[in-house]
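Below is work_13.tsv, which holds TSV, C-alpha atoms.
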```tsv
chain	number	residue	atom	x	y	z
T	964	MET	CA	16.91	-32.41	24.11
T	965	HIS	CA	15.67	-35.10	26.57
T	966	THR	CA	12.19	-34.19	27.76
T	967	MET	CA	10.43	-37.56	28.00
T	968	THR	CA	11.18	-40.92	29.61
T	969	SER	CA	13.27	-43.47	27.76
T	970	ARG	CA	11.64	-45.95	25.38
T	971	PRO	CA	12.96	-48.20	22.59
T	972	GLN	CA	14.92	-46.35	19.93
T	973	ALA	CA	12.90	-44.81	17.07
T	974	ASP	CA	14.16	-45.18	13.56
T	975	ALA	CA	15.40	-41.76	12.40
T	976	SER	CA	14.83	-42.89	8.81
T	977	PRO	CA	11.30	-44.38	8.83
T	978	PRO	CA	9.92	-46.59	6.06
T	979	ASP	CA	8.17	-43.70	4.23
T	980	GLN	CA	11.52	-42.25	3.12
T	981	THR	CA	10.56	-43.10	-0.46
T	982	PRO	CA	10.86	-40.31	-3.05
T	983	ARG	CA	8.11	-37.76	-2.79
T	984	PRO	CA	5.48	-37.84	-5.58
T	985	PRO	CA	5.69	-35.01	-8.09
T	986	GLU	CA	4.00	-31.75	-7.06
T	987	GLY	CA	0.29	-31.87	-7.83
T	988	LEU	CA	0.01	-35.70	-7.70
T	989	SER	CA	-0.11	-35.86	-3.90
T	990	ARG	CA	-1.80	-33.34	-1.62
T	991	GLU	CA	-0.43	-34.84	1.58
T	992	PRO	CA	1.90	-32.29	3.18
T	993	LEU	CA	5.35	-33.55	4.07
T	994	VAL	CA	6.82	-32.74	7.49
T	995	LEU	CA	10.48	-33.17	8.46
T	996	VAL	CA	10.90	-33.87	12.20
T	997	VAL	CA	14.39	-33.19	13.58
T	998	ASP	CA	15.12	-34.32	17.15
T	999	ASP	CA	17.87	-36.38	18.78
T	1000	GLU	CA	15.38	-37.86	21.28
T	1001	PRO	CA	13.77	-40.97	19.67
T	1002	LEU	CA	10.61	-40.79	21.78
T	1003	ASN	CA	9.88	-37.22	20.66
T	1004	VAL	CA	10.23	-38.33	17.07
T	1005	LEU	CA	7.87	-41.26	17.62
T	1006	VAL	CA	5.22	-39.09	19.23
T	1007	LEU	CA	5.35	-36.40	16.53
T	1008	GLN	CA	5.31	-39.03	13.78
T	1009	GLY	CA	2.29	-40.72	15.32
T	1010	LEU	CA	0.11	-37.65	15.74
T	1011	LEU	CA	1.01	-36.18	12.33
T	1012	LYS	CA	0.51	-39.43	10.42
T	1013	ALA	CA	-2.85	-39.93	12.12
T	1014	GLU	CA	-3.96	-36.62	10.61
T	1015	GLY	CA	-2.84	-37.49	7.06
T	1016	PHE	CA	0.65	-35.95	7.00
T	1017	LEU	CA	3.67	-37.63	5.47
T	1018	VAL	CA	6.58	-37.63	7.92
T	1019	ILE	CA	10.32	-38.06	7.54
T	1020	ALA	CA	12.80	-37.73	10.40
T	1021	ALA	CA	16.40	-36.97	11.26
T	1022	ASN	CA	18.23	-37.14	14.58
T	1023	ASN	CA	20.91	-34.53	13.78
T	1024	GLY	CA	21.29	-31.28	11.90
T	1025	GLU	CA	23.50	-32.53	9.07
T	1026	THR	CA	21.10	-35.33	8.13
T	1027	ALA	CA	18.17	-32.92	8.42
T	1028	ARG	CA	19.77	-30.48	5.97
T	1029	GLU	CA	20.46	-33.26	3.47
T	1030	LEU	CA	16.85	-34.47	3.71
T	1031	ALA	CA	15.50	-30.95	3.39
T	1032	VAL	CA	17.41	-30.40	0.14
T	1033	ALA	CA	16.47	-33.79	-1.30
T	1034	ARG	CA	12.82	-34.03	-0.20
T	1035	GLN	CA	11.68	-30.39	0.03
T	1036	PRO	CA	9.30	-30.78	3.00
T	1037	ASP	CA	6.40	-28.38	3.46
T	1038	VAL	CA	7.53	-27.60	7.02
T	1039	ILE	CA	10.35	-28.54	9.40
T	1040	LEU	CA	9.84	-29.24	13.12
T	1041	LEU	CA	13.28	-28.57	14.62
T	1042	ASP	CA	14.64	-29.24	18.10
T	1043	ILE	CA	17.18	-26.75	19.46
T	1044	MET	CA	19.36	-28.71	21.89
T	1045	MET	CA	21.07	-31.38	19.78
T	1046	PRO	CA	24.67	-32.62	19.92
T	1047	GLU	CA	27.34	-31.38	17.47
T	1048	GLU	CA	25.03	-29.01	15.58
T	1049	SER	CA	22.34	-27.13	17.49
T	1050	GLY	CA	18.94	-26.38	16.06
T	1051	PHE	CA	19.91	-22.72	15.81
T	1052	GLN	CA	22.93	-23.66	13.70
T	1053	THR	CA	20.84	-25.98	11.53
T	1054	CYS	CA	18.24	-23.27	10.98
T	1055	GLY	CA	20.89	-20.74	10.01
T	1056	LEU	CA	22.45	-23.14	7.49
T	1057	LEU	CA	19.05	-24.04	6.02
T	1058	LYS	CA	18.34	-20.33	5.48
T	1059	LEU	CA	21.65	-19.92	3.65
T	1060	HIS	CA	20.93	-22.71	1.15
T	1061	PRO	CA	18.91	-21.60	-1.91
T	1062	ALA	CA	17.04	-24.92	-2.01
T	1063	THR	CA	15.81	-24.68	1.59
T	1064	LEU	CA	15.69	-21.00	2.51
T	1065	ASP	CA	11.92	-20.74	1.94
T	1066	ILE	CA	10.92	-23.87	3.89
T	1067	PRO	CA	9.09	-22.79	7.07
T	1068	ILE	CA	10.85	-23.90	10.26
T	1069	ILE	CA	9.04	-24.34	13.59
T	1070	PHE	CA	11.24	-24.78	16.64
T	1071	VAL	CA	10.03	-27.42	19.11
T	1072	SER	CA	11.97	-27.01	22.34
T	1073	ALA	CA	11.82	-26.78	26.12
T	1074	LEU	CA	13.78	-23.51	25.83
T	1075	THR	CA	10.70	-21.33	25.94
T	1076	ASP	CA	12.19	-18.13	27.37
T	1077	VAL	CA	11.78	-14.94	25.35
T	1078	GLU	CA	15.49	-14.68	24.52
T	1079	ASN	CA	15.59	-18.07	22.79
T	1080	LYS	CA	12.28	-17.46	21.02
T	1081	VAL	CA	13.54	-14.15	19.65
T	1082	LYS	CA	16.84	-15.73	18.58
T	1083	GLY	CA	14.98	-18.46	16.69
T	1084	LEU	CA	12.73	-15.97	14.91
T	1085	GLU	CA	15.71	-13.78	14.02
T	1086	LEU	CA	17.38	-16.79	12.43
T	1087	GLY	CA	14.37	-17.22	10.14
T	1088	ALA	CA	12.04	-19.60	11.99
T	1089	VAL	CA	8.33	-18.86	11.58
T	1090	ASP	CA	7.03	-20.22	14.90
T	1091	TYR	CA	7.88	-21.81	18.24
T	1092	ILE	CA	6.28	-24.74	20.12
T	1093	GLY	CA	7.22	-25.43	23.71
T	1094	LYS	CA	7.93	-28.87	25.16
T	1095	PRO	CA	6.14	-30.82	26.44
T	1096	PHE	CA	3.95	-30.13	23.41
T	1097	GLU	CA	0.20	-30.45	23.06
T	1098	LYS	CA	-1.21	-32.39	20.10
T	1099	ALA	CA	-3.77	-29.69	19.21
T	1100	GLU	CA	-1.14	-26.95	19.23
T	1101	VAL	CA	1.29	-28.90	17.06
T	1102	LEU	CA	-1.39	-29.70	14.49
T	1103	ALA	CA	-2.75	-26.13	14.44
T	1104	ARG	CA	0.66	-24.55	13.92
T	1105	VAL	CA	1.79	-27.09	11.33
T	1106	ARG	CA	-1.44	-26.72	9.36
T	1107	LEU	CA	-1.24	-22.92	9.48
T	1108	HIS	CA	2.31	-22.74	8.15
T	1109	VAL	CA	1.76	-25.37	5.47
T	1110	LYS	CA	-1.23	-23.37	4.24
T	1111	LEU	CA	0.78	-20.13	4.25
T	1112	ALA	CA	3.71	-21.75	2.47
T	1113	ARG	CA	1.50	-23.29	-0.19
T	1114	ALA	CA	-0.35	-20.01	-0.71
T	1115	ARG	CA	2.97	-18.26	-1.18
T	1116	LYS	CA	4.14	-20.88	-3.69
T	1117	ALA	CA	0.88	-20.54	-5.61
T	1118	LEU	CA	1.28	-16.76	-5.71
T	1119	VAL	CA	4.88	-17.03	-6.90
T	1120	ALA	CA	3.86	-19.53	-9.60
T	1121	GLU	CA	1.06	-17.23	-10.75
T	1122	GLN	CA	3.37	-14.23	-10.90
T	1123	ALA	CA	6.03	-16.25	-12.72
T	1124	ALA	CA	3.45	-17.30	-15.31
T	1125	LYS	CA	2.40	-13.70	-15.86
T	1126	LEU	CA	6.02	-12.61	-16.12
T	1127	GLN	CA	6.67	-15.33	-18.68
T	1128	GLU	CA	3.70	-14.09	-20.71
T	1129	LEU	CA	5.17	-10.60	-20.62
T	1130	ALA	CA	8.59	-11.94	-21.63
T	1131	ASP	CA	7.05	-13.84	-24.55
T	1132	ALA	CA	5.17	-10.74	-25.67
T	1133	GLN	CA	8.31	-8.61	-25.39
T	1134	ARG	CA	10.42	-11.05	-27.40
T	1135	ALA	CA	7.71	-11.17	-30.05
T	1136	MET	CA	8.16	-7.43	-30.50
T	1137	LEU	CA	11.91	-7.69	-31.09
T	1138	VAL	CA	12.85	-7.70	-34.74
T	1139	ARG	CA	15.02	-10.52	-36.08
T	1140	PRO	CA	17.66	-10.22	-38.83
T	1141	GLU	CA	15.54	-12.30	-41.20
T	1142	ASP	CA	12.63	-9.89	-40.74
T	1143	VAL	CA	14.58	-7.01	-42.34
T	1144	PRO	CA	17.24	-8.66	-44.54
T	1145	GLN	CA	18.21	-5.36	-46.18
T	1146	ALA	CA	19.25	-4.03	-42.77
T	1147	ARG	CA	22.15	-6.53	-42.49
T	1148	PHE	CA	22.52	-6.86	-38.74
T	1149	ALA	CA	23.14	-9.41	-35.98
T	1150	VAL	CA	21.94	-9.05	-32.40
T	1151	CYS	CA	22.65	-10.54	-28.98
T	1152	TYR	CA	19.83	-9.82	-26.54
T	1153	LEU	CA	20.11	-11.13	-22.98
T	1154	PRO	CA	17.70	-9.71	-20.36
T	1155	ALA	CA	18.59	-9.91	-16.67
T	1156	LEU	CA	14.93	-10.60	-15.84
T	1157	GLU	CA	12.61	-12.74	-17.94
T	1158	ALA	CA	11.39	-9.43	-19.35
T	1159	GLY	CA	14.19	-6.92	-19.70
T	1160	GLY	CA	14.49	-3.15	-19.49
T	1161	ASP	CA	16.79	-2.85	-22.53
T	1162	PHE	CA	15.26	-2.48	-25.97
T	1163	TYR	CA	16.35	-2.46	-29.59
T	1164	ASP	CA	14.63	-2.09	-32.92
T	1165	VAL	CA	15.56	-2.02	-36.61
T	1166	LEU	CA	13.32	-0.48	-39.26
T	1167	PRO	CA	13.54	0.86	-42.81
T	1168	VAL	CA	12.84	4.62	-42.88
T	1169	LYS	CA	13.21	5.26	-46.62
T	1170	GLU	CA	14.74	3.65	-49.69
T	1171	GLY	CA	18.28	2.54	-48.91
T	1172	THR	CA	18.16	3.79	-45.31
T	1173	CYS	CA	17.57	1.83	-42.11
T	1174	CYS	CA	17.29	3.02	-38.52
T	1175	TYR	CA	19.00	1.09	-35.73
T	1176	PHE	CA	17.74	1.99	-32.27
T	1177	VAL	CA	18.98	0.88	-28.85
T	1178	ALA	CA	17.65	2.07	-25.47
T	1179	ASP	CA	18.26	1.35	-21.79
T	1180	ILE	CA	15.48	2.18	-19.32
T	1181	CYS	CA	16.81	3.24	-15.93
T	1182	GLY	CA	16.23	0.44	-13.43
T	1183	HIS	CA	16.16	-3.31	-13.94
T	1184	ASP	CA	12.87	-4.13	-12.30
T	1185	LEU	CA	9.70	-5.39	-13.89
T	1186	GLY	CA	8.40	-1.83	-14.30
T	1187	SER	CA	11.18	-1.04	-16.74
T	1188	SER	CA	10.09	-3.89	-18.98
T	1189	PHE	CA	6.62	-2.35	-19.30
T	1190	VAL	CA	8.17	0.85	-20.69
T	1191	THR	CA	9.82	-1.09	-23.50
T	1192	SER	CA	6.43	-2.27	-24.75
T	1193	SER	CA	5.53	1.31	-25.72
T	1194	LEU	CA	8.90	2.28	-27.21
T	1195	LYS	CA	8.40	0.30	-30.41
T	1196	ALA	CA	5.13	2.04	-31.25
T	1197	LEU	CA	6.58	5.41	-30.31
T	1198	LEU	CA	9.64	4.89	-32.51
T	1199	HIS	CA	7.64	3.73	-35.52
T	1200	GLN	CA	5.12	6.55	-35.22
T	1201	ASN	CA	7.87	9.16	-35.31
T	1202	SER	CA	10.24	7.71	-37.92
T	1203	GLY	CA	10.25	7.98	-41.67
T	1204	PRO	CA	10.86	10.54	-44.45
T	1205	LEU	CA	9.11	13.30	-42.46
T	1206	PHE	CA	11.50	13.05	-39.49
T	1207	SER	CA	15.22	13.51	-39.10
T	1208	PRO	CA	16.92	11.20	-36.55
T	1209	GLU	CA	17.16	14.15	-34.15
T	1210	GLU	CA	13.47	15.02	-34.54
T	1211	THR	CA	12.48	11.41	-33.88
T	1212	LEU	CA	14.19	11.32	-30.49
T	1213	LYS	CA	13.01	14.80	-29.52
T	1214	THR	CA	9.40	13.86	-30.24
T	1215	MET	CA	9.78	10.63	-28.32
T	1216	ASN	CA	11.21	12.60	-25.39
T	1217	SER	CA	8.21	14.94	-25.33
T	1218	VAL	CA	5.90	11.95	-24.90
T	1219	LEU	CA	8.11	10.06	-22.43
T	1220	ALA	CA	8.53	13.13	-20.21
T	1221	THR	CA	4.79	13.09	-19.58
T	1222	VAL	CA	4.52	9.38	-18.72
T	1223	LEU	CA	7.73	8.45	-16.89
T	1224	PHE	CA	7.68	9.04	-13.14
T	1225	GLY	CA	9.55	7.99	-10.03
T	1226	GLY	CA	12.96	8.94	-11.40
T	1227	ARG	CA	12.65	6.63	-14.39
T	1228	PHE	CA	14.34	7.73	-17.63
T	1229	LEU	CA	16.12	6.18	-20.56
T	1230	THR	CA	19.32	6.54	-22.50
T	1231	ALA	CA	19.13	5.81	-26.21
T	1232	GLN	CA	20.92	6.02	-29.52
T	1233	SER	CA	19.61	6.05	-33.05
T	1234	LEU	CA	21.84	5.28	-36.02
T	1235	HIS	CA	20.61	5.93	-39.57
T	1236	VAL	CA	22.65	4.20	-42.24
T	1237	ASP	CA	22.06	5.45	-45.79
T	1238	ARG	CA	23.55	2.82	-48.09
T	1239	LEU	CA	22.68	4.75	-51.26
T	1240	ARG	CA	24.61	7.88	-50.24
T	1241	ASN	CA	27.27	6.12	-48.13
T	1242	ARG	CA	26.67	8.10	-44.96
T	1243	ALA	CA	25.53	7.50	-41.42
T	1244	VAL	CA	23.91	9.80	-38.86
T	1245	LEU	CA	24.13	9.08	-35.15
T	1246	VAL	CA	21.99	10.72	-32.46
T	1247	ASN	CA	22.98	9.81	-28.92
T	1248	ALA	CA	20.83	10.55	-25.87
T	1249	GLY	CA	23.15	10.00	-22.90
T	1250	HIS	CA	24.03	6.50	-24.08
T	1251	PRO	CA	27.48	4.82	-24.19
T	1252	ALA	CA	29.29	5.65	-27.44
T	1253	PRO	CA	28.81	3.16	-30.27
T	1254	VAL	CA	31.74	1.87	-32.30
T	1255	HIS	CA	32.53	2.43	-35.98
T	1256	LEU	CA	34.69	-0.29	-37.51
T	1257	PRO	CA	35.82	0.77	-41.01
T	1258	ARG	CA	36.56	-2.14	-43.30
T	1259	GLY	CA	40.25	-2.87	-42.95
T	1260	GLY	CA	40.68	-0.18	-40.29
T	1261	ALA	CA	40.75	0.14	-36.54
T	1262	PRO	CA	37.56	0.51	-34.48
T	1263	VAL	CA	36.79	3.96	-33.05
T	1264	LEU	CA	34.21	5.25	-30.56
T	1265	LEU	CA	31.66	7.70	-31.96
T	1266	GLU	CA	31.24	10.37	-29.30
T	1267	ALA	CA	28.01	12.31	-29.83
T	1268	GLN	CA	26.54	14.61	-27.18
T	1269	GLY	CA	22.93	14.45	-26.01
T	1270	ASP	CA	20.61	14.53	-23.01
T	1271	ILE	CA	18.84	11.54	-21.51
T	1272	LEU	CA	15.17	11.08	-22.46
T	1273	GLY	CA	12.04	11.25	-20.34
T	1274	VAL	CA	13.17	13.82	-17.76
T	1275	PHE	CA	13.20	17.24	-19.44
T	1276	ALA	CA	10.44	18.79	-21.54
T	1277	SER	CA	13.04	19.61	-24.22
T	1278	VAL	CA	16.43	18.03	-24.80
T	1279	PHE	CA	19.71	18.91	-26.46
T	1280	LEU	CA	20.85	16.41	-29.10
T	1281	GLU	CA	23.85	16.90	-31.40
T	1282	PRO	CA	23.77	14.63	-34.49
T	1283	LEU	CA	27.07	13.18	-35.66
T	1284	GLN	CA	27.54	12.42	-39.36
T	1285	CYS	CA	30.23	10.22	-40.89
T	1286	ALA	CA	31.05	8.77	-44.28
T	1287	VAL	CA	30.77	5.00	-44.67
T	1288	ALA	CA	31.68	2.39	-47.26
T	1289	PRO	CA	30.41	-1.11	-48.00
T	1290	GLY	CA	31.82	-3.55	-45.47
T	1291	ASP	CA	32.02	-1.01	-42.64
T	1292	ARG	CA	30.45	-2.08	-39.37
T	1293	PHE	CA	28.79	-0.32	-36.43
T	1294	LEU	CA	28.31	-1.74	-32.98
T	1295	LEU	CA	25.51	-0.38	-30.78
T	1296	TYR	CA	25.08	-1.74	-27.26
T	1297	THR	CA	23.79	-1.12	-23.74
T	1298	ASP	CA	26.05	-0.67	-20.73
T	1299	GLY	CA	25.39	-4.23	-19.54
T	1300	LEU	CA	27.89	-5.30	-22.21
T	1301	LEU	CA	30.71	-3.35	-20.59
T	1302	GLU	CA	30.18	-2.66	-16.88
T	1303	ARG	CA	30.52	-5.19	-14.06
T	1304	PHE	CA	29.45	-4.31	-10.53
T	1305	ARG	CA	30.27	-7.68	-8.97
T	1306	PRO	CA	33.82	-9.02	-8.68
T	1307	PRO	CA	35.78	-8.88	-10.89
T	1308	ARG	CA	34.51	-5.31	-11.29
T	1309	ARG	CA	34.87	-3.41	-14.56
T	1310	THR	CA	34.26	0.26	-15.28
T	1311	LEU	CA	32.68	1.64	-18.44
T	1312	ALA	CA	36.05	2.92	-19.65
T	1313	ALA	CA	37.74	-0.45	-19.08
T	1314	GLY	CA	34.84	-2.17	-20.81
T	1315	GLN	CA	35.13	0.11	-23.84
T	1316	ALA	CA	38.84	-0.66	-24.13
T	1317	ALA	CA	38.09	-4.39	-23.99
T	1318	LEU	CA	35.33	-3.92	-26.56
T	1319	LEU	CA	37.58	-2.17	-29.08
T	1320	GLU	CA	40.22	-4.86	-28.68
T	1321	SER	CA	37.70	-7.68	-29.13
T	1322	LEU	CA	36.03	-6.06	-32.13
T	1323	ALA	CA	39.39	-5.58	-33.87
T	1324	ARG	CA	40.28	-9.23	-33.21
T	1325	HIS	CA	37.05	-10.56	-34.72
T	1326	ALA	CA	36.63	-7.98	-37.50
T	1327	ALA	CA	37.03	-10.53	-40.30
T	1328	ALA	CA	34.43	-12.96	-38.91
T	1329	PRO	CA	30.93	-13.18	-40.42
T	1330	LEU	CA	28.45	-10.77	-38.87
T	1331	GLU	CA	26.64	-13.07	-36.42
T	1332	GLU	CA	29.81	-14.95	-35.51
T	1333	CYS	CA	31.55	-11.65	-34.80
T	1334	ALA	CA	28.69	-10.41	-32.60
T	1335	TRP	CA	28.66	-13.49	-30.37
T	1336	ALA	CA	32.45	-13.66	-30.23
T	1337	VAL	CA	32.54	-10.10	-28.88
T	1338	ALA	CA	29.77	-10.93	-26.40
T	1339	ARG	CA	31.76	-13.92	-25.12
T	1340	ASP	CA	34.97	-11.88	-24.88
T	1341	LEU	CA	33.15	-9.32	-22.74
T	1342	GLY	CA	31.73	-12.07	-20.51
T	1343	VAL	CA	28.07	-11.47	-21.36
T	1344	PRO	CA	26.72	-15.05	-21.08
T	1345	GLN	CA	28.35	-15.53	-17.66
T	1346	HIS	CA	27.08	-12.20	-16.30
T	1347	ALA	CA	23.68	-11.99	-18.01
T	1348	ALA	CA	21.85	-12.11	-14.68
T	1349	GLU	CA	23.64	-8.95	-13.50
T	1350	ASP	CA	22.31	-6.51	-16.09
T	1351	ASP	CA	20.29	-6.45	-19.29
T	1352	THR	CA	22.49	-6.56	-22.38
T	1353	VAL	CA	21.94	-5.65	-26.02
T	1354	LEU	CA	24.67	-5.94	-28.65
T	1355	LEU	CA	23.59	-4.84	-32.13
T	1356	LEU	CA	26.15	-5.26	-34.93
T	1357	VAL	CA	25.42	-3.60	-38.29
T	1358	GLU	CA	27.18	-3.99	-41.62
T	1359	VAL	CA	26.98	-1.35	-44.35
```

Produce structure tokens that represent the structure in this file.
Amino acid sequence: MHTMTSRPQADASPPDQTPRPPEGLSREPLVLVVDDEPLNVLVLQGLLKAEGFLVIAANNGETARELAVARQPDVILLDIMMPEESGFQTCGLLKLHPATLDIPIIFVSALTDVENKVKGLELGAVDYIGKPFEKAEVLARVRLHVKLARARKALVAEQAAKLQELADAQRAMLVRPEDVPQARFAVCYLPALEAGGDFYDVLPVKEGTCCYFVADICGHDLGSSFVTSSLKALLHQNSGPLFSPEETLKTMNSVLATVLFGGRFLTAQSLHVDRLRNRAVLVNAGHPAPVHLPRGGAPVLLEAQGDILGVFASVFLEPLQCAVAPGDRFLLYTDGLLERFRPPRRTLAAGQAALLESLARHAAAPLEECAWAVARDLGVPQHAAEDDTVLLLVEV
């Protein structure tokens, strides 16, 4: 937009276009000025540099977007009326790009009517400065939004650090195959968040018998991950020679029903494999059916009936017993292994069919190799961000 008298052309790529110092090494805020009028650029550069700001410039929207991605300015001063790509279009495209969507944009324009101001704010701009602009106003608004943006970044960094601490603590609780060698299992654990809402555990309950436990807390927010931190203690406190698999889950339900609120609940399954007596007992609490793969046979789903946990004061659980032999395998999992809610979509039933086919195909592979081959066949690594996923493969 032409709002000032003509003067010699300003360089839209000034000398200080050098790479920005790493975050923390330079406190000077970086401002990107976008205007097709050279004199406006010169004036804004002069007043901002005089106050200690670093300034880069562009005279069109395309160049501005490229600079914003590459240099990550603290704030963008954006003209509206520019040829080819208007400031409104540039703003909209910046807000669609993941690398620039959080950069505050201040429109600087002679279009100061309410309609244009509202349009700019609806597109994601944080403020509006009218032309001809006043030095004090420009500096005040730029300083304000740089401070707000930096405060937000600091808050996000702090929360990310806390979340990482939680994730590290949660992973430290998860048992590894080498921790319980007699349990003979392999596991693929991929949380959607840094700290997931799915949980598994493996523990000896008596001589020759191990318990394999998998649970899925309803919801995939950070709150679900806090529930998992208490499940391990609850499971261990209520497992052992004094408890049947059914009694363990019923006792856990009694506790969870008093502490879970806001519609939160969990599905779970507990498989006890007795290698001395060649038998297995499954208790399923509203969880997808696990798979039994007899050695040399075809995989089958183990359908056991049971209520979800954490909602009702008492629950119905129907244990399922089956004979086993050395070399048999069991696959326990959470629904993130099977279901897909984003294209290409996949239902639980379709996922179970794909699971049985994959498990049969890789039945002869070593335990860990088989587990990860099944996970890859079901697309887990590519879709890990969509849902938490646990795949627990056990060999008798």

Subject >> One-decimal distance in Å that lies between CA of Thr1172 (chain T) and CA of Val1337 (chain T) >> reply: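 So the two atoms, CA of Val1337 (chain T) and CA of Thr1172 (chain T), lie 25.9 Å apart.
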
Original post:
Using only C-alpha atoms, which residues sit within 10 Å of Leu1057 (chain T) once same-chain residues fewer than 3 positions away are excluded, as a list in words?
Top reply: Gly1024, Ala1027, Arg1028, Glu1029, Ala1031, Val1032, Phe1051, Gln1052, Thr1053, Cys1054, His1060, Pro1061, Ala1062, Thr1063, Leu1064, Asp1065, Ile1066, Ile1068, Leu1086 and Gly1087 of chain T

Residues within 9 Å of region 1227-1244 of chain T, please, as a PDB file with C-alpha atoms, in the frame of the given file. Count only C-alpha atoms; anything in the same chain fewer than 2 positions from it doesn't count.
```pdb
ATOM      1  CA  ALA T1146      19.250  -4.030 -42.770  1.00  0.00           C
ATOM      2  CA  VAL T1168      12.840   4.620 -42.880  1.00  0.00           C
ATOM      3  CA  LYS T1169      13.210   5.260 -46.620  1.00  0.00           C
ATOM      4  CA  GLU T1170      14.740   3.650 -49.690  1.00  0.00           C
ATOM      5  CA  GLY T1171      18.280   2.540 -48.910  1.00  0.00           C
ATOM      6  CA  THR T1172      18.160   3.790 -45.310  1.00  0.00           C
ATOM      7  CA  CYS T1173      17.570   1.830 -42.110  1.00  0.00           C
ATOM      8  CA  CYS T1174      17.290   3.020 -38.520  1.00  0.00           C
ATOM      9  CA  TYR T1175      19.000   1.090 -35.730  1.00  0.00           C
ATOM     10  CA  PHE T1176      17.740   1.990 -32.270  1.00  0.00           C
ATOM     11  CA  VAL T1177      18.980   0.880 -28.850  1.00  0.00           C
ATOM     12  CA  ALA T1178      17.650   2.070 -25.470  1.00  0.00           C
ATOM     13  CA  ASP T1179      18.260   1.350 -21.790  1.00  0.00           C
ATOM     14  CA  ILE T1180      15.480   2.180 -19.320  1.00  0.00           C
ATOM     15  CA  CYS T1181      16.810   3.240 -15.930  1.00  0.00           C
ATOM     16  CA  GLY T1182      16.230   0.440 -13.430  1.00  0.00           C
ATOM     17  CA  SER T1187      11.180  -1.040 -16.740  1.00  0.00           C
ATOM     18  CA  PRO T1208      16.920  11.200 -36.550  1.00  0.00           C
ATOM     19  CA  GLU T1209      17.160  14.150 -34.150  1.00  0.00           C
ATOM     20  CA  THR T1211      12.480  11.410 -33.880  1.00  0.00           C
ATOM     21  CA  LEU T1212      14.190  11.320 -30.490  1.00  0.00           C
ATOM     22  CA  LEU T1219       8.110  10.060 -22.430  1.00  0.00           C
ATOM     23  CA  ALA T1220       8.530  13.130 -20.210  1.00  0.00           C
ATOM     24  CA  LEU T1223       7.730   8.450 -16.890  1.00  0.00           C
ATOM     25  CA  PHE T1224       7.680   9.040 -13.140  1.00  0.00           C
ATOM     26  CA  GLY T1225       9.550   7.990 -10.030  1.00  0.00           C
ATOM     27  CA  VAL T1246      21.990  10.720 -32.460  1.00  0.00           C
ATOM     28  CA  ASN T1247      22.980   9.810 -28.920  1.00  0.00           C
ATOM     29  CA  ALA T1248      20.830  10.550 -25.870  1.00  0.00           C
ATOM     30  CA  GLY T1249      23.150  10.000 -22.900  1.00  0.00           C
ATOM     31  CA  HIS T1250      24.030   6.500 -24.080  1.00  0.00           C
ATOM     32  CA  PRO T1251      27.480   4.820 -24.190  1.00  0.00           C
ATOM     33  CA  ALA T1252      29.290   5.650 -27.440  1.00  0.00           C
ATOM     34  CA  PRO T1253      28.810   3.160 -30.270  1.00  0.00           C
ATOM     35  CA  ASP T1270      20.610  14.530 -23.010  1.00  0.00           C
ATOM     36  CA  ILE T1271      18.840  11.540 -21.510  1.00  0.00           C
ATOM     37  CA  LEU T1272      15.170  11.080 -22.460  1.00  0.00           C
ATOM     38  CA  GLY T1273      12.040  11.250 -20.340  1.00  0.00           C
ATOM     39  CA  VAL T1274      13.170  13.820 -17.760  1.00  0.00           C
ATOM     40  CA  PRO T1282      23.770  14.630 -34.490  1.00  0.00           C
ATOM     41  CA  LEU T1283      27.070  13.180 -35.660  1.00  0.00           C
ATOM     42  CA  GLN T1284      27.540  12.420 -39.360  1.00  0.00           C
ATOM     43  CA  CYS T1285      30.230  10.220 -40.890  1.00  0.00           C
ATOM     44  CA  ALA T1286      31.050   8.770 -44.280  1.00  0.00           C
ATOM     45  CA  VAL T1287      30.770   5.000 -44.670  1.00  0.00           C
ATOM     46  CA  ALA T1288      31.680   2.390 -47.260  1.00  0.00           C
ATOM     47  CA  PRO T1289      30.410  -1.110 -48.000  1.00  0.00           C
ATOM     48  CA  PHE T1293      28.790  -0.320 -36.430  1.00  0.00           C
ATOM     49  CA  LEU T1295      25.510  -0.380 -30.780  1.00  0.00           C
ATOM     50  CA  THR T1297      23.790  -1.120 -23.740  1.00  0.00           C
ATOM     51  CA  VAL T1359      26.980  -1.350 -44.350  1.00  0.00           C
TER      52      VAL T1359
END
```

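The interatomic distance for the pair CA of Glu1210 (chain T) and CA of His1255 (chain T) works out to 22.9 Å.
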
**OP:** Quote the spacing between CA of Val1165 (chain T) and CA of Gly1314 (chain T) in Å to one decimal place.
**Re:** 24.9 Å

Original post:
Using all atoms listed in the file, which of T:Glu1331, T:Met1044, T:Ala1336, T:Asn1216 sits nearest Pro1140 (chain T)?
Top reply: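 The shortest atom-to-atom distance to Pro1140 (chain T) comes from T:Glu1331.
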
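Residues lying within 9 Å of Ala1088 (chain T), counting only C-alpha atoms and ignoring same-chain neighbours fewer than 4 positions away, are Cys1054, Pro1067, Ile1068, Ile1069, Phe1070, Gly1083 and Leu1084 of chain T.
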
**OP:** With a distance cut-off of 8 Å and all atoms listed in the file, select the neighbouring residues of His1108 (chain T), excluding the residue or stretch itself and same-chain residues fewer than 4 positions from it, and output the selection as a list in words.
**Re:** Val1038, Pro1067, Val1089, Arg1104 and Ala1112 of chain T

**OP:** Counting only C-alpha atoms, figure out which residue out of T:Val994, T:Lys1094, T:Arg1258, T:Asp1037 gets nearest to Ala1114 (chain T).
**Re:** T:Asp1037

Subject >> Nearest residue to Leu1280 (chain T) from the set T:Gln1008, T:Thr1214, T:Thr1221, T:Gln1315 (distances using only C-alpha atoms) >> reply: T:Thr1214
